[in-house]
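Presented below is the structure to which this report refers.
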Amino acid sequence: MIQRSFKTLLVLLIFTQVARGHASQSSLLLGTIQFPRTVEGIQDVPVIYHGDPASTQIDQTNHAITFWIPRESSQFGFKLLIVEPQYVEPVSLASKYHADTTNLVAYHKVKSGSAYRFFNLMLVPEIKKDTSGINLVTYSWKVREERIPDAGKIPDDAVIMHAVPDWVDSVVATDGFNFPTVQMKDDLIKQAGSEKEFKERLEKIALARLDLKQFEGKKQEVAMKKVGNTIIMAPPVRAAG
């Protein structure tokens with residue numbers, strides 16, 4: 001067991017050093033929010049990353065929403081927060097020169113006692129041999145649900161999904177570089193109370209987001225081009241500095 005743990009650690013260290021040795025390059029991770037078949041007329045679910053709304057696309061046929069977020073070449077860990085926007089509040093930047101609160105925001109936090117779900121996601125490499133004995137590197141996600149430390153302080157690098165936490169069944173670990181799938185509960189409408197209450201809750205979320213938009217950037221648009229049966233996506237260009 002100790003030997004296996006050491007080998008896993010060694011593999012992670014090797015890949016970290018290799019990633020650091022190359023110039024930081026950005027790629028895109030494709031994520032999916034999967035709804036049950038019983039939900040008709042899916043509405044957009046906002047996904048925020050590094051203060052920027054992610055590009056999303058609604059697939060009414062497959063009852064799913066896809067979103068894209070950038071990933072740096074050396075990045076193997078992500079955090080996912082699922083919370084309603086009305087339960088997110090800014091914390092003013094404290095200043096030793098002013099007793100009163102300032103207009104500057106130090107960070108955002110989940111209001112005390114509010115419901116949320118928080119996941120730690122790790123993209124782990126593993127070396128396997130193919131049939132000819134050649135080493136191949138595969139990747140898989142490790143998903144662990146946690147509580148937010150530091151009195152609900154939202155990490156700056158968290159992927160924030162504005163939705164009702166109780167509507168989420170699980171975050172499904174996958175193989176490869178696609179972001180883990182957020183699986184909504186099969187009895188989603190029952191969880192909401194009724195279809196009418198479900199839509200009213202979505203409208204409440206949309207209205208609550210207006211208070212947070214002043215802290216967000218522009219929605220990240222993703223350039224896509226179809227070549228044959230393959231869709232090529234270009235990551236958004238982030239400003240330097």
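Convention: chains lettered A, B, ... in structure tokens order; per-chain residue numbering from 1; ligands numbered from 1 as shown.
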
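All residues within range 10-181 of chain A that the backbone DSSP calculation assigns to alpha helix (DSSP H) are Leu10, Val11, Leu12, Leu13, Ile14, Phe15, Thr16, Gln17, Val18, Ala19, Arg20, Gly21, Pro149, Asp150, Ala151 and Gly152 of chain A.
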
Go ahead and write the residues just picked, N, CA, C and O atoms, as an mmCIF file, in the first residue's frame.
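Writing done, so here's out.cif:
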data_model
loop_
_atom_site.group_PDB
_atom_site.id
_atom_site.type_symbol
_atom_site.label_atom_id
_atom_site.label_comp_id
_atom_site.auth_asym_id
_atom_site.auth_seq_id
_atom_site.Cartn_x
_atom_site.Cartn_y
_atom_site.Cartn_z
ATOM 1 N N LEU A 10 4.639 9.984 -7.010
ATOM 2 C CA LEU A 10 5.726 10.217 -7.955
ATOM 3 C C LEU A 10 5.186 10.597 -9.318
ATOM 4 O O LEU A 10 5.689 11.520 -9.974
ATOM 5 N N VAL A 11 4.122 9.908 -9.759
ATOM 6 C CA VAL A 11 3.508 10.223 -11.058
ATOM 7 C C VAL A 11 2.972 11.645 -11.062
ATOM 8 O O VAL A 11 3.169 12.406 -12.010
ATOM 9 N N LEU A 12 2.285 12.039 -9.971
ATOM 10 C CA LEU A 12 1.749 13.390 -9.879
ATOM 11 C C LEU A 12 2.851 14.438 -9.905
ATOM 12 O O LEU A 12 2.725 15.479 -10.557
ATOM 13 N N LEU A 13 3.952 14.172 -9.209
ATOM 14 C CA LEU A 13 5.069 15.115 -9.191
ATOM 15 C C LEU A 13 5.694 15.259 -10.571
ATOM 16 O O LEU A 13 6.045 16.358 -11.009
ATOM 17 N N ILE A 14 5.834 14.133 -11.274
ATOM 18 C CA ILE A 14 6.421 14.165 -12.614
ATOM 19 C C ILE A 14 5.569 15.008 -13.545
ATOM 20 O O ILE A 14 6.068 15.873 -14.278
ATOM 21 N N PHE A 15 4.256 14.783 -13.514
ATOM 22 C CA PHE A 15 3.379 15.522 -14.418
ATOM 23 C C PHE A 15 3.310 16.991 -14.053
ATOM 24 O O PHE A 15 3.188 17.851 -14.925
ATOM 25 N N THR A 16 3.414 17.296 -12.747
ATOM 26 C CA THR A 16 3.430 18.699 -12.337
ATOM 27 C C THR A 16 4.669 19.405 -12.854
ATOM 28 O O THR A 16 4.611 20.523 -13.364
ATOM 29 N N GLN A 17 5.823 18.741 -12.750
ATOM 30 C CA GLN A 17 7.072 19.340 -13.223
ATOM 31 C C GLN A 17 7.076 19.500 -14.733
ATOM 32 O O GLN A 17 7.554 20.501 -15.267
ATOM 33 N N VAL A 18 6.532 18.507 -15.442
ATOM 34 C CA VAL A 18 6.460 18.605 -16.906
ATOM 35 C C VAL A 18 5.576 19.764 -17.311
ATOM 36 O O VAL A 18 5.896 20.547 -18.216
ATOM 37 N N ALA A 19 4.438 19.915 -16.604
ATOM 38 C CA ALA A 19 3.519 21.002 -16.928
ATOM 39 C C ALA A 19 4.166 22.352 -16.671
ATOM 40 O O ALA A 19 4.009 23.292 -17.444
ATOM 41 N N ARG A 20 4.938 22.457 -15.576
ATOM 42 C CA ARG A 20 5.590 23.728 -15.265
ATOM 43 C C ARG A 20 6.695 24.051 -16.250
ATOM 44 O O ARG A 20 7.059 25.210 -16.441
ATOM 45 N N GLY A 21 7.250 23.049 -16.875
ATOM 46 C CA GLY A 21 8.352 23.260 -17.800
ATOM 47 C C GLY A 21 7.920 23.848 -19.124
ATOM 48 O O GLY A 21 8.728 24.332 -19.894
ATOM 49 N N PRO A 149 -14.253 25.843 4.043
ATOM 50 C CA PRO A 149 -13.575 26.342 5.243
ATOM 51 C C PRO A 149 -13.663 27.860 5.339
ATOM 52 O O PRO A 149 -14.276 28.520 4.480
ATOM 53 N N ASP A 150 -13.062 28.424 6.357
ATOM 54 C CA ASP A 150 -12.941 29.885 6.506
ATOM 55 C C ASP A 150 -14.297 30.589 6.533
ATOM 56 O O ASP A 150 -14.512 31.589 5.842
ATOM 57 N N ALA A 151 -15.220 30.035 7.322
ATOM 58 C CA ALA A 151 -16.525 30.680 7.561
ATOM 59 C C ALA A 151 -17.293 30.980 6.273
ATOM 60 O O ALA A 151 -17.926 32.030 6.138
ATOM 61 N N GLY A 152 -17.228 30.053 5.325
ATOM 62 C CA GLY A 152 -18.026 30.197 4.107
ATOM 63 C C GLY A 152 -17.398 31.035 3.022
ATOM 64 O O GLY A 152 -18.061 31.356 2.025
#

Which neighbours of Lys142 in chain A fall inside 7 Å, counting only C-alpha atoms, when residues of the same chain fewer than 3 positions from it are skipped, and could you give them as a PyMOL selection string? chain A and resi 121-123+173

Here is a test: counting only C-alpha atoms, which residue of A:Lys204, A:Arg71, A:His162, A:Lys153 is nearest to Phe177 in chain A?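 Looking only at the distances to Phe177 in chain A, the closest residue turns out to be A:Arg71.
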
Please, which residues of range 24-139 of chain A, numbered as in this document, come out strand (DSSP E) from DSSP, as JSON, numbers by chain? {"A": [26, 27, 28, 29, 30, 31, 32, 33, 34, 47, 48, 49, 52, 53, 55, 56, 57, 58, 59, 64, 65, 66, 67, 68, 69, 70, 71, 72, 77, 78, 79, 80, 81, 82, 83, 88, 89, 90, 91, 92, 105, 106, 107, 108, 109, 110, 117, 118, 119, 120, 121, 122, 123, 124, 125, 126, 127, 128, 129, 135, 136, 137, 138, 139]}

Please report as a Markdown table every residue of range 56-154 of chain A lying within 8 Å of range 40-48 of chain A, along with the nearest atom pair and their distance in Å (one decimal), using only C-alpha atoms.
| residue | atom | partner | partner_atom | distance |
| --- | --- | --- | --- | --- |
| A:Thr56 | CA | A:Asp44 | CA | 7.6 |
| A:Gln57 | CA | A:Asp44 | CA | 7.9 |
| A:Ile58 | CA | A:Asp44 | CA | 6.7 |
| A:Gln60 | CA | A:Ile42 | CA | 6.4 |
| A:His63 | CA | A:Ile42 | CA | 6.8 |
| A:Ala64 | CA | A:Ile42 | CA | 7.7 |
| A:Ile65 | CA | A:Asp44 | CA | 7.3 |
| A:Phe67 | CA | A:Val47 | CA | 7.6 |

Can you write just those residues out, all heavy atoms, as a CSV table (one decimal), in the first residue's frame?
chain,number,residue,atom,x,y,z
A,56,THR,N,-22.7,28.8,-22.2
A,56,THR,CA,-23.5,27.7,-22.0
A,56,THR,C,-24.4,27.4,-23.2
A,56,THR,O,-24.6,28.3,-24.0
A,56,THR,CB,-24.5,27.9,-20.8
A,56,THR,OG1,-25.2,29.1,-21.0
A,56,THR,CG2,-23.7,27.9,-19.5
A,57,GLN,N,-24.8,26.2,-23.4
A,57,GLN,CA,-25.7,25.8,-24.5
A,57,GLN,C,-26.8,24.8,-24.0
A,57,GLN,O,-26.4,23.8,-23.4
A,57,GLN,CB,-24.9,25.2,-25.6
A,57,GLN,CG,-25.7,24.9,-26.9
A,57,GLN,CD,-24.9,24.5,-28.1
A,57,GLN,OE1,-23.6,24.7,-28.1
A,57,GLN,NE2,-25.5,23.9,-29.1
A,58,ILE,N,-28.0,25.1,-24.3
A,58,ILE,CA,-29.1,24.3,-23.8
A,58,ILE,C,-29.5,23.3,-24.9
A,58,ILE,O,-29.7,23.6,-26.1
A,58,ILE,CB,-30.4,25.1,-23.5
A,58,ILE,CG1,-30.0,26.1,-22.4
A,58,ILE,CG2,-31.5,24.2,-23.1
A,58,ILE,CD1,-31.2,27.1,-22.1
A,60,GLN,N,-32.4,20.9,-25.5
A,60,GLN,CA,-33.7,20.5,-25.1
A,60,GLN,C,-34.0,19.0,-25.4
A,60,GLN,O,-34.7,18.3,-24.7
A,60,GLN,CB,-34.8,21.4,-25.8
A,60,GLN,CG,-34.6,22.8,-25.4
A,60,GLN,CD,-35.0,23.2,-24.0
A,60,GLN,OE1,-35.4,22.3,-23.2
A,60,GLN,NE2,-35.0,24.4,-23.6
A,63,HIS,N,-32.2,17.0,-22.8
A,63,HIS,CA,-32.4,17.6,-21.4
A,63,HIS,C,-31.2,17.9,-20.7
A,63,HIS,O,-31.0,17.4,-19.5
A,63,HIS,CB,-33.3,16.5,-20.6
A,63,HIS,CG,-34.6,16.2,-21.3
A,63,HIS,ND1,-35.8,16.8,-21.0
A,63,HIS,CD2,-34.9,15.3,-22.3
A,63,HIS,CE1,-36.8,16.3,-21.7
A,63,HIS,NE2,-36.2,15.4,-22.5
A,64,ALA,N,-30.3,18.6,-21.3
A,64,ALA,CA,-29.0,18.9,-20.7
A,64,ALA,C,-28.5,20.3,-21.1
A,64,ALA,O,-29.0,20.9,-22.0
A,64,ALA,CB,-28.0,17.9,-21.2
A,65,ILE,N,-27.6,20.8,-20.2
A,65,ILE,CA,-27.0,22.1,-20.5
A,65,ILE,C,-25.5,21.8,-20.5
A,65,ILE,O,-24.9,21.2,-19.6
A,65,ILE,CB,-27.3,23.1,-19.4
A,65,ILE,CG1,-28.8,23.5,-19.4
A,65,ILE,CG2,-26.4,24.4,-19.6
A,65,ILE,CD1,-29.2,24.4,-18.3
A,67,PHE,N,-21.5,23.5,-20.7
A,67,PHE,CA,-20.8,24.7,-20.5
A,67,PHE,C,-19.3,24.5,-20.7
A,67,PHE,O,-18.8,23.3,-20.6
A,67,PHE,CB,-21.1,25.3,-19.1
A,67,PHE,CG,-20.7,24.3,-18.0
A,67,PHE,CD1,-19.4,24.4,-17.4
A,67,PHE,CD2,-21.5,23.4,-17.4
A,67,PHE,CE1,-19.0,23.6,-16.4
A,67,PHE,CE2,-21.2,22.5,-16.4
A,67,PHE,CZ,-19.9,22.6,-15.9

Between CA of Leu188 in chain A and CA of Leu30 in chain A, what distance in Å does the model show, to one decimal?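 Between CA of Leu188 in chain A and CA of Leu30 in chain A the gap works out to 23.5 Å.
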